[in-house]
$ cat model.csv   # CSV, C-alpha atoms and all ligand atoms
chain,number,residue,atom,x,y,z
K,273,MET,CA,54.3,13.4,-8.5
K,274,SER,CA,57.4,13.0,-6.4
K,275,VAL,CA,56.1,9.6,-5.2
K,276,ASP,CA,55.5,8.6,-8.9
K,277,SER,CA,59.0,9.7,-9.8
K,278,ASP,CA,60.6,7.8,-6.9
K,279,ALA,CA,58.6,4.7,-7.9
K,280,CYS,CA,59.8,5.0,-11.5
K,281,LEU,CA,63.4,5.2,-10.4
K,282,ALA,CA,63.0,2.3,-8.1
K,283,LEU,CA,61.3,0.3,-10.9
K,284,ARG,CA,64.3,0.9,-13.2
K,285,THR,CA,66.8,-0.2,-10.5
K,286,ALA,CA,64.8,-3.3,-9.8
K,287,LEU,CA,64.4,-4.2,-13.5
K,288,ASP,CA,68.1,-3.7,-14.2
K,289,ARG,CA,69.0,-5.8,-11.1
K,290,GLU,CA,66.9,-8.7,-12.4
K,291,GLY,CA,68.3,-8.7,-15.9
K,292,GLY,CA,65.5,-6.6,-17.4
K,293,GLN,CA,67.8,-3.8,-18.8
K,294,ALA,CA,66.1,-4.0,-22.2
K,295,ILE,CA,62.6,-3.5,-20.8
K,296,PRO,CA,61.5,0.0,-21.5
K,297,ILE,CA,59.3,2.0,-19.1
K,298,ASP,CA,56.2,3.8,-20.3
K,299,TYR,CA,55.3,6.7,-18.0
K,300,PRO,CA,51.6,7.5,-17.7
K,301,LEU,CA,51.3,11.2,-17.0
K,302,ILE,CA,47.9,12.3,-15.7
K,303,VAL,CA,47.6,16.0,-15.8
K,304,PRO,CA,44.9,18.6,-15.5
K,305,SER,CA,44.6,20.8,-18.7
K,306,ALA,CA,45.2,24.0,-16.7
K,307,MET,CA,48.6,22.6,-15.5
K,308,LEU,CA,49.6,21.4,-19.0
K,309,ASN,CA,48.6,24.7,-20.6
K,310,ASP,CA,50.6,26.9,-18.1
K,311,PRO,CA,54.1,27.3,-19.5
K,312,SER,CA,55.8,27.5,-16.1
K,313,GLN,CA,54.0,24.4,-14.7
K,314,ARG,CA,54.7,22.6,-17.9
K,315,GLY,CA,58.4,23.5,-17.6
K,316,LEU,CA,58.4,21.8,-14.1
K,317,LEU,CA,56.8,18.7,-15.6
K,318,VAL,CA,59.3,18.5,-18.4
K,319,ALA,CA,62.2,19.0,-15.9
K,320,MET,CA,60.8,16.2,-13.7
K,321,LEU,CA,60.2,13.8,-16.7
K,322,GLY,CA,63.6,14.6,-18.1
K,323,ARG,CA,65.3,13.1,-15.1
K,324,LEU,CA,63.4,9.8,-15.3
K,325,PRO,CA,64.7,6.7,-17.1
K,326,ILE,CA,61.6,6.4,-19.3
K,327,ASP,CA,61.0,5.6,-23.0
K,328,HIS,CA,57.6,6.9,-23.7
K,329,VAL,CA,55.2,9.3,-22.1
K,330,TRP,CA,51.5,8.3,-22.1
K,331,LEU,CA,49.6,11.5,-21.7
K,332,ARG,CA,46.1,11.6,-20.1
K,333,VAL,CA,44.7,15.1,-19.9
K,334,VAL,CA,41.9,15.4,-17.4
K,335,GLY,CA,38.7,16.5,-19.0
K,336,LEU,CA,39.9,16.2,-22.6
K,337,GLY,CA,38.4,13.9,-25.1
K,338,ALA,CA,36.7,13.3,-28.4
K,339,ASP,CA,34.2,16.1,-27.6
K,340,ALA,CA,36.8,18.8,-27.1
K,341,GLY,CA,35.9,22.3,-28.4
K,342,PRO,CA,38.0,24.6,-30.5
K,343,LEU,CA,39.7,26.5,-27.7
K,344,GLN,CA,40.5,23.3,-25.8
K,345,MET,CA,41.9,21.7,-28.9
K,346,SER,CA,44.1,24.6,-29.9
K,347,ARG,CA,45.5,24.9,-26.4
K,348,TYR,CA,46.2,21.2,-26.3
K,349,LEU,CA,48.0,21.3,-29.6
K,350,SER,CA,50.4,24.0,-28.5
K,351,ALA,CA,50.9,22.6,-25.0
K,352,VAL,CA,51.8,19.1,-26.1
K,353,ALA,CA,54.2,20.6,-28.6
K,354,GLY,CA,55.9,22.1,-25.5
K,355,LEU,CA,56.7,18.5,-24.3
K,356,HIS,CA,58.8,17.8,-27.4
K,357,ASN,CA,61.9,19.1,-25.6
K,358,LEU,CA,61.8,15.9,-23.7
K,359,GLY,CA,62.9,14.1,-26.8
K,360,LYS,CA,60.6,11.2,-26.0
K,361,PRO,CA,57.6,9.9,-28.0
K,362,VAL,CA,54.3,11.1,-26.5
K,363,ILE,CA,51.2,9.0,-26.8
K,364,ALA,CA,47.8,10.7,-26.4
K,365,ASP,CA,46.0,8.2,-24.2
K,366,HIS,CA,42.2,8.1,-23.9
K,367,LEU,CA,41.9,10.6,-26.8
K,368,GLY,CA,39.5,9.7,-29.5
K,369,GLY,CA,37.6,11.3,-32.3
K,370,LEU,CA,38.7,14.3,-34.3
K,371,PRO,CA,40.9,15.7,-31.5
K,372,GLY,CA,42.9,12.5,-31.5
K,373,GLN,CA,43.3,12.5,-35.3
K,374,ALA,CA,44.1,16.3,-35.3
K,375,ALA,CA,46.8,15.7,-32.7
K,376,LEU,CA,48.3,13.0,-34.9
K,377,ALA,CA,47.9,15.0,-38.2
K,378,PHE,CA,49.5,18.1,-36.6
K,379,GLY,CA,52.4,15.9,-35.4
K,380,VAL,CA,52.2,17.0,-31.8
K,381,VAL,CA,51.8,13.4,-30.6
K,382,SER,CA,53.5,10.2,-31.8
K,383,GLY,CA,50.4,8.0,-31.4
K,384,ILE,CA,47.0,7.9,-29.9
K,385,ALA,CA,45.3,5.2,-27.8
K,386,GLN,CA,41.6,4.8,-27.2
K,387,GLY,CA,39.0,2.0,-26.7
K,388,ILE,CA,36.5,1.0,-29.4
K,389,GLY,CA,33.6,3.3,-28.9
K,390,GLU,CA,34.8,4.1,-25.4
K,391,ARG,CA,37.7,5.6,-23.4
K,392,GLU,CA,37.8,8.4,-25.9
K,393,ARG,CA,38.0,10.9,-23.1
K,394,PHE,CA,39.7,11.0,-19.8
K,395,ASP,CA,38.2,12.1,-16.5
K,396,THR,CA,39.0,11.8,-12.9
K,397,GLY,CA,35.9,13.7,-11.7
K,398,ASP,CA,34.4,10.7,-10.1
K,399,TRP,CA,37.5,9.0,-8.7
K,400,HIS,CA,36.9,10.2,-5.2
K,401,LYS,CA,33.3,8.9,-5.2
K,402,PRO,CA,32.3,5.4,-4.2
K,403,ALA,CA,31.1,3.2,-7.0
K,404,LYS,CA,27.3,3.2,-7.5
K,405,PRO,CA,25.7,0.2,-5.9
K,406,ARG,CA,24.5,-2.4,-8.5
K,407,THR,CA,21.3,-4.3,-8.3
K,408,ASP,CA,21.6,-8.0,-9.2
K,409,ASP,CA,19.4,-7.7,-12.3
K,410,ALA,CA,21.1,-4.6,-13.7
K,411,LYS,CA,22.6,-5.2,-17.2
K,412,PHE,CA,26.4,-4.9,-17.5
K,413,GLY,CA,28.0,-2.3,-19.7
K,414,ARG,CA,26.7,1.1,-21.0
K,415,ALA,CA,23.9,1.8,-23.4
K,416,ALA,CA,25.1,1.0,-26.9
K,417,ARG,CA,26.1,4.1,-28.8
K,418,VAL,CA,26.7,4.2,-32.5
K,419,SER,CA,29.2,6.5,-34.2
K,420,ILE,CA,28.1,8.0,-37.4
K,421,PRO,CA,30.8,7.8,-40.0
K,422,GLY,CA,32.9,11.0,-40.1
K,423,LEU,CA,30.6,13.0,-37.8
K,424,ASN,CA,32.8,12.8,-34.7
K,425,ARG,CA,30.0,12.1,-32.3
K,426,THR,CA,28.1,9.1,-31.1
K,427,LEU,CA,24.3,8.7,-30.7
K,428,THR,CA,22.2,6.2,-28.9
K,429,ARG,CA,20.4,3.6,-31.0
K,430,ALA,CA,17.1,5.3,-30.4
K,431,GLU,CA,18.4,8.7,-31.4
K,432,LEU,CA,19.9,7.2,-34.5
K,433,ASP,CA,16.6,5.4,-35.5
K,434,VAL,CA,14.8,8.7,-35.1
K,435,LEU,CA,17.2,10.5,-37.4
K,436,ALA,CA,17.0,7.6,-39.9
K,437,SER,CA,13.2,8.2,-40.1
K,438,ALA,CA,13.8,11.5,-41.8
K,439,LYS,CA,14.0,11.8,-45.6
K,440,ASN,CA,17.6,10.8,-46.6
K,441,GLY,CA,18.3,10.0,-43.0
K,442,ARG,CA,19.4,6.4,-43.5
K,443,ARG,CA,21.7,7.4,-46.3
K,444,ILE,CA,23.3,10.3,-44.4
K,445,CYS,CA,23.6,8.6,-41.1
K,446,GLY,CA,24.4,5.1,-42.4
K,447,CYS,CA,27.9,3.7,-43.1
K,448,ALA,CA,28.6,4.1,-46.9
K,449,ASP,CA,31.7,1.9,-46.7
K,450,ARG,CA,30.6,-1.4,-48.0
K,451,ALA,CA,33.8,-3.1,-46.9
K,452,CYS,CA,32.9,-2.0,-43.4
K,453,CYS,CA,29.1,-2.3,-43.3
K,454,LYS,CA,27.8,-4.6,-46.1
K,455,HIS,CA,24.2,-3.5,-45.8
K,456,GLY,CA,24.8,0.2,-44.8
K,457,TYR,CA,22.7,1.4,-42.0
K,458,ASP,CA,21.4,-2.0,-40.9
K,459,SER,CA,24.8,-3.6,-40.6
K,460,MET,CA,26.1,-0.5,-38.8
K,461,VAL,CA,23.5,-0.6,-36.0
K,462,ALA,CA,23.7,-4.4,-35.8
K,463,ASP,CA,27.4,-4.2,-35.0
K,464,PRO,CA,28.3,-0.7,-33.7
K,465,ARG,CA,31.6,-1.8,-32.2
K,466,GLY,CA,32.9,-3.6,-35.3
K,467,HIS,CA,31.9,-0.6,-37.3
K,468,ALA,CA,33.6,1.8,-34.9
K,469,ALA,CA,36.8,-0.3,-34.9
K,470,ARG,CA,37.0,-0.6,-38.7
K,471,GLN,CA,36.3,3.1,-39.1
K,472,PHE,CA,39.0,4.0,-36.6
K,473,PHE,CA,41.6,1.8,-38.2
K,474,SER,CA,40.9,3.0,-41.7
K,475,SER,CA,41.1,6.6,-40.6
K,476,ILE,CA,44.6,6.0,-39.1
K,477,ALA,CA,45.6,4.1,-42.3
K,478,ARG,CA,44.5,7.0,-44.5
K,479,LEU,CA,46.6,9.4,-42.3
K,480,GLU,CA,49.6,7.1,-42.3
K,481,ALA,CA,49.6,6.9,-46.1
K,482,VAL,CA,50.2,10.7,-46.2
K,483,PRO,CA,53.8,11.9,-45.7
K,484,ASP,CA,54.4,13.6,-42.4
K,485,LEU,CA,54.6,17.2,-43.7
K,486,ARG,CA,51.5,16.9,-45.8
K,487,ARG,CA,49.3,15.5,-43.0
K,488,GLU,CA,47.9,18.9,-41.8
K,489,THR,CA,46.9,19.8,-45.3
K,490,PHE,CA,45.3,16.4,-45.9
K,491,PHE,CA,43.5,16.6,-42.5
K,492,LEU,CA,42.0,20.0,-43.4
K,493,GLY,CA,41.6,19.5,-47.1
K,494,HIS,CA,38.4,19.0,-49.1
K,495,ASP,CA,38.4,15.2,-48.7
K,496,GLY,CA,40.0,15.1,-45.3
K,497,PRO,CA,38.4,14.1,-42.0
K,498,MET,CA,37.9,17.7,-40.8
K,499,ALA,CA,35.9,18.8,-43.9
K,500,LYS,CA,34.0,15.6,-43.9
K,501,ALA,CA,33.0,16.0,-40.2
K,502,ASP,CA,31.9,19.6,-41.0
K,503,ARG,CA,29.8,18.5,-44.0
K,504,THR,CA,28.2,15.5,-42.3
K,505,ALA,CA,27.3,17.7,-39.3
K,506,ARG,CA,25.6,20.2,-41.6
K,507,GLU,CA,23.7,17.5,-43.5
K,508,ILE,CA,22.5,15.8,-40.3
K,509,LYS,CA,21.4,19.1,-38.6
K,510,ALA,CA,19.1,19.7,-41.7
K,511,LEU,CA,17.3,16.4,-41.2
K,512,ARG,CA,13.6,16.5,-40.3
K,513,PRO,CA,12.9,13.4,-38.2
K,514,ASP,CA,9.4,11.9,-38.2
K,515,ALA,CA,7.5,13.0,-35.1
K,516,ALA,CA,5.6,9.7,-34.6
K,517,GLU,CA,8.9,7.8,-34.8
K,518,ALA,CA,10.4,10.1,-32.2
K,519,ALA,CA,7.5,9.6,-29.8
K,520,ARG,CA,7.7,5.8,-30.3
K,521,HIS,CA,11.4,5.9,-29.2
K,522,ASN,CA,10.7,8.3,-26.4
K,523,VAL,CA,13.1,10.9,-27.9
K,524,ASP,CA,12.4,14.6,-27.8
K,525,PRO,CA,13.1,15.5,-31.5
K,526,GLU,CA,13.6,19.3,-30.8
K,527,ALA,CA,16.2,18.7,-28.1
K,528,LEU,CA,18.0,16.2,-30.3
K,529,MET,CA,18.1,18.5,-33.3
K,530,LYS,CA,19.2,21.4,-31.1
K,531,ARG,CA,22.1,19.3,-29.9
K,532,LEU,CA,23.0,18.4,-33.4
K,533,ALA,CA,22.9,22.0,-34.6
K,534,ASP,CA,25.2,22.9,-31.7
K,535,HIS,CA,27.5,20.1,-32.7
K,536,SER,CA,27.6,21.4,-36.2
K,537,ARG,CA,28.5,24.9,-35.0
K,538,THR,CA,31.3,23.6,-32.8
K,539,THR,CA,32.6,21.5,-35.6
K,540,GLU,CA,32.7,24.5,-37.9
K,541,LYS,CA,34.6,26.5,-35.2
K,542,ILE,CA,37.1,23.7,-34.8
K,543,ARG,CA,37.7,23.7,-38.5
K,544,THR,CA,38.4,27.5,-38.6
K,545,THR,CA,40.6,27.3,-35.5
K,546,LEU,CA,42.7,24.5,-36.9
K,547,GLU,CA,42.9,26.2,-40.3
K,548,THR,CA,44.3,29.3,-38.6
K,549,ILE,CA,46.8,27.3,-36.6
K,550,HIS,CA,47.9,25.6,-39.8
K,551,GLU,CA,48.2,28.9,-41.7
K,552,THR,CA,50.2,30.7,-39.0
K,553,ARG,CA,52.7,28.0,-38.2
K,554,GLY,CA,53.4,26.6,-41.6
K,555,ASN,CA,54.6,23.2,-42.6
K,556,ASP,CA,58.1,23.0,-41.2
K,557,VAL,CA,57.3,22.6,-37.5
K,558,PRO,CA,59.1,20.1,-35.4
K,559,ARG,CA,57.0,16.9,-35.0
K,560,ALA,CA,56.7,14.5,-32.2
K,561,ARG,CA,59.3,11.7,-32.1
K,562,VAL,CA,58.3,8.5,-33.7
K,563,ALA,CA,57.3,5.8,-31.2
K,564,ALA,CA,59.4,2.8,-31.8
K,565,LEU,CA,57.8,-0.6,-32.3
K,566,ARG,CA,59.2,-3.1,-29.8
K,567,SER,CA,60.5,-6.4,-31.2
K,568,GLY,CA,61.7,-9.2,-29.1
K,569,GLY,CA,61.5,-7.1,-26.0
K,570,VAL,CA,64.2,-4.7,-27.2
K,571,PRO,CA,63.0,-1.2,-28.1
K,572,LYS,CA,64.3,-0.2,-31.5
K,573,SER,CA,65.1,3.2,-30.1
K,574,ALA,CA,67.8,1.5,-28.0
K,575,THR,CA,69.7,0.8,-31.2
K,576,GLY,CA,69.5,4.4,-32.3
K,577,LYS,CA,66.9,3.7,-35.0
K,578,PRO,CA,63.5,5.4,-34.5
K,601,ZN,ZN,30.7,0.7,-41.0

$ encode --input "model.csv" --output "structure tokens"
Amino acid sequence: MSVDSDACLALRTALDREGGQAIPIDYPLIVPSAMLNDPSQRGLLVAMLGRLPIDHVWLRVVGLGADAGPLQMSRYLSAVAGLHNLGKPVIADHLGGLPGQAALAFGVVSGIAQGIGERERFDTGDWHKPAKPRTDDAKFGRAARVSIPGLNRTLTRAELDVLASAKNGRRICGCADRACCKHGYDSMVADPRGHAARQFFSSIARLEAVPDLRRETFFLGHDGPMAKADRTAREIKALRPDAAEAARHNVDPEALMKRLADHSRTTEKIRTTLETIHETRGNDVPRARVAALRSGGVPKSATGKP
């Protein structure tokens, strides 16, 4: 970290020398959850970052992602709030799904960044391992995964087809947003990335339309993302997929349904945990600083306007 910090200072000096005084510096902070969650270690981080000439902190927490459980999420929410003393906007980088939306709704981060259907979690676990050798005929990319609207989880195409074979399966798993997927289930599986991108942007737009101090209530409320994820998870776990269809796709239906039942339990626990946090801390909690939009290379924050 001292190397990083020296490099950051040297970058500022070099930019200023070359006439780049208006160029802001984003500092990507990669940190293990244990370090972020520990108040004394977090204090050291804040002290270090506080000395740096940076404009935004991009926070990547090792092992945290769209699949975070209730405990991990509640720790994250309170730990990131501990970075607010810095007075700099904090962007949750590589954080997708419900945890990303919760961090935004609870005002602990100024923004979130993720890929479309990927980079929704951050891991350094394999950084020290050499890359897997590739054979020439291996296909590029990962197996296509499809996100079910509101469920906060992705499934492979085969798993989804198995679920769709159940009674009501296509309706429950398919995209009901006709502006997003014109022909519901079929459009969704034909263009999973387009579907994921549109759903992500509309979820952010819905949150943005709610005033800051009402966002937690909206997020947890009856029509909010949390309740919807909980409801969808319950509906999906109750599906009874067709055994022949499962065999045809080489999917073990019992293992699949067990995973989905576990997912539903976790989602319910996340909901109760976030409700408790909301009830105990109330509405008037300090929120993360607004991340300024840059126009013409000059950060608006430099003019004093957020
Ligand atoms: Zn869709």

$ closest_residue --input "model.csv" --among "K:Leu317, K:Ala560, K:Leu546, K:Ala477" --to "Met345 of chain K" --atoms "all atoms listed in the file"
K:Leu546

$ closest_residue --input "model.csv" --among "K:Lys509, K:Lys541, K:Arg487, K:Lys401" --to "Ser346 of chain K" --atoms "only C-alpha atoms"
K:Lys541

$ closest_residue --input "model.csv" --among "K:Arg537, K:Pro558, K:Leu435, K:Cys447" --to "Ala516 of chain K" --atoms "all atoms listed in the file"
K:Leu435

$ atom_distance --input "model.csv" --atom1 "atom CA of Arg417 of chain K" --atom2 "atom CA of Pro464 of chain K"
7.2 Å

$ closest_atom_pairs --input "model.csv" --of "chain K" --to "ligand ZN 601 (chain K)" --cutoff "6 Å" --atoms "only C-alpha atoms and all ligand atoms" --output "Markdown table"
| residue | atom | partner | partner_atom | distance |
| --- | --- | --- | --- | --- |
| K:Cys447 | CA | K:ZN601 | ZN | 4.6 |
| K:Asp449 | CA | K:ZN601 | ZN | 5.9 |
| K:Cys452 | CA | K:ZN601 | ZN | 4.2 |
| K:Cys453 | CA | K:ZN601 | ZN | 4.1 |
| K:Met460 | CA | K:ZN601 | ZN | 5.2 |
| K:His467 | CA | K:ZN601 | ZN | 4.1 |

$ write_last_selection --input "model.csv" --atoms "C-alpha atoms" --output "compact mmCIF listing (two decimals), in the coordinates of the input"
# COMPACT_ATOMS: atom_id res chain seq x y z
CA CYS K 447 27.90 3.70 -43.10
CA ASP K 449 31.70 1.90 -46.70
CA CYS K 452 32.90 -2.00 -43.40
CA CYS K 453 29.10 -2.30 -43.30
CA MET K 460 26.10 -0.50 -38.80
CA HIS K 467 31.90 -0.60 -37.30
